[in-house]
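Notes for the one structure printed next.
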Amino acid sequence: QINVEGRGVSRSKLSMLRRKVAERLVTAKNETAMLTTFNEVDMSPIFELRKQYKETFKEKHDVGLGFMSFFTKACCYALQEFKSVNAYLDGENIIYHDYCDVSIAVSAPKGLVVPVIRNAESLSMAGIEAAVVDLATKAKNNKLTIEEMTGGTFTITNGGIFGSMMSTPIINIPQSAILGVHKIVE
């Protein structure tokens with residue numbers, strides 16, 4: 001702690017995790033051709049479905065019906081239709097995936113982490129919601145393994161939980177794309 005003319009300043013060392021995240025973000029910004037588009041979506045039908053099935057879904061599957069399963073399912077359908085988005089460049093080759101390992105950004109005590117829902121395309125809505133709860137709980141308890149945080153083919157990040165209306169999320173290298181979901185407003 002340094003105190004100069006009544007203005008305190010403190011310094012702390014970055015954790016290895018935070019340093020690695022910072023390095024990867026800078027690498028992504030410097031080595032990828034980034035393009036951001038903004039689109040509005042009418043969420044009214046999703047609100048209606050959730051309202052109609054929320055209770056029975058919870059009773060039947062013992063997990064809530066959140067928005068993430070809708071976003072993840074929609075992304076999986078799109079990734080399977082537009083294969084180049086679910087691919088990455090490896091030198092002179094493009095590596096295509098016939099599966100969707102969707103990384104989801106979640107808050108953890110040490111910052112944002114991106115655990116992976118494996119084979120999300122083959123999961124039901126309840127399976128996706130259960131995976132989200134499991135991974136978010138592990139993240140909050142600092143129990144995620146390296147395997148659970150690597151190998152995603154596409155990322156979904158939700159800035160809306162922080163009130164964000166728009167952002168330009170940074171691609172999780174070597175992935176080709178990321179979906180930023182934001183605040184839902186009337």
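Going by the structure tokens order, chains are called A, B, ..., each with residues numbered from 1, while ligands are numbered from 1 in the order shown.
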* Asked: Which residues in range 11-174 of chain A does DSSP call helix (DSSP H, G or I)? List them as a ChimeraX atom specification.
  -> /A:16-31,44-61,68-81,83-86,120-122,125-140,147-149,159-162
* Write down as a ChimeraX atom specification the residues belonging to range 23-116 of chain A that are assigned strand (DSSP E) by DSSP computed on the backbone. => /A:87-90,93-96,102-104,106-108,111-113,116
* Asked: Counting only C-alpha atoms, what is within 10 Å of Val21 in chain A, bar same-chain residues fewer than 4 positions away, as a ChimeraX atom specification?
  -> /A:15-17,25-27,111-113,172
Saved selection, atoms kept: C-alpha atoms, as a PDB file, in the first residue's frame:
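The file below, again.pdb, is the result:
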```pdb
ATOM      1  CA  SER A  15      -2.812 -14.937 -10.497  1.00  0.00           C
ATOM      2  CA  MET A  16      -1.474 -17.380 -13.081  1.00  0.00           C
ATOM      3  CA  LEU A  17      -5.059 -17.879 -14.324  1.00  0.00           C
ATOM      4  CA  LEU A  25      -7.385 -12.275 -25.040  1.00  0.00           C
ATOM      5  CA  VAL A  26      -4.549 -10.135 -26.393  1.00  0.00           C
ATOM      6  CA  THR A  27      -3.519 -12.946 -28.745  1.00  0.00           C
ATOM      7  CA  GLY A 111     -13.109 -14.124 -12.674  1.00  0.00           C
ATOM      8  CA  LEU A 112     -14.847 -15.274 -15.826  1.00  0.00           C
ATOM      9  CA  VAL A 113     -14.264 -18.881 -16.922  1.00  0.00           C
ATOM     10  CA  ASN A 172     -11.936 -17.933 -27.623  1.00  0.00           C
TER      11      ASN A 172
END
```
* Asked: Between A:Leu35, A:Ala177, A:Leu14, A:Val106, which is the closest to Ala78 in chain A once you count only C-alpha atoms?
  ->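 With only C-alpha atoms as the atom set, the closest residue is A:Ala177.
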* Best match for closeness to Met166 in chain A among A:Glu5, A:Thr36, A:Asp98, A:Arg24, counting only C-alpha atoms -> A:Thr36
* Of the candidates A:Glu147, A:Glu129, A:Glu92, A:Glu121, which one gets nearest to Lys73 in chain A if we count only C-alpha atoms? ->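 When distances to Lys73 in chain A are compared using only C-alpha atoms, the smallest one comes from A:Glu121.
Within 8 Å of range 51-68 of chain A there are Phe47, Glu48, Phe71, Thr72, Met125, Ala126, Ile128, Glu129, Ala130 and Val132 of chain A, counting only C-alpha atoms and ignoring same-chain residues fewer than 3 positions away.
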* Between A:Gln175, A:Ser103, A:Asn39, A:Ser122, which is the closest to Asn158 in chain A once you count only C-alpha atoms? -> A:Ser103
* To do: Would you mind listing what lies within 7 Å of range 134-141 of chain A as an MDAnalysis selection string, with only C-alpha atoms counted and same-chain residues fewer than 3 positions away left out?
  => chainID A and resid 106 108:109 115 130:131 144
* Would you list the contacts of Gly159 in chain A as a list in words, taking every protein, DNA or RNA residue within 7 Å and counting only C-alpha atoms, but skipping same-chain residues closer than 2 positions in sequence? => Thr157, Ile161, Phe162, Gly163, Ser164, Gly180, Val181 and His182 of chain A
For those residues, write C-alpha atoms to a file as a PDB file, in the first residue's frame.
```pdb
ATOM      1  CA  THR A 157     -21.295 -15.381 -23.266  1.00  0.00           C
ATOM      2  CA  ILE A 161     -26.625 -10.693 -16.431  1.00  0.00           C
ATOM      3  CA  PHE A 162     -24.456  -7.632 -15.804  1.00  0.00           C
ATOM      4  CA  GLY A 163     -27.000  -5.322 -17.463  1.00  0.00           C
ATOM      5  CA  SER A 164     -25.002  -4.977 -20.671  1.00  0.00           C
ATOM      6  CA  GLY A 180     -22.763 -12.485 -27.011  1.00  0.00           C
ATOM      7  CA  VAL A 181     -26.221 -12.480 -25.448  1.00  0.00           C
ATOM      8  CA  HIS A 182     -27.297  -9.323 -23.696  1.00  0.00           C
TER       9      HIS A 182
END
```
* Asked: Which of these residues is nearest to Tyr96 in chain A, using only C-alpha atoms: A:Leu79, A:Ala74, A:Leu123, A:Ile178?
  ->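 The shortest atom-to-atom distance to Tyr96 in chain A comes from A:Leu79.
Proximity to Gly160 in chain A was assessed for A:Val185, A:Val133, A:Val41, A:Ala120 counting only C-alpha atoms; the smallest distance is recorded for A:Val185.
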* Would you mind reading off the distance between CA of Asp42 in chain A and CA of Ala87 in chain A, one decimal, in Å? =>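 Rounded to one decimal, the two atoms are 28.4 Å apart.
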* Which polymer residues have any atom within 10 Å of an atom of Ser84 in chain A, counting only C-alpha atoms, with same-chain residues fewer than 2 positions away left out, as a count of residues only? -> 14
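Going from CA of Ser107 in chain A to CA of Gly8 in chain A covers 28.5 Å.
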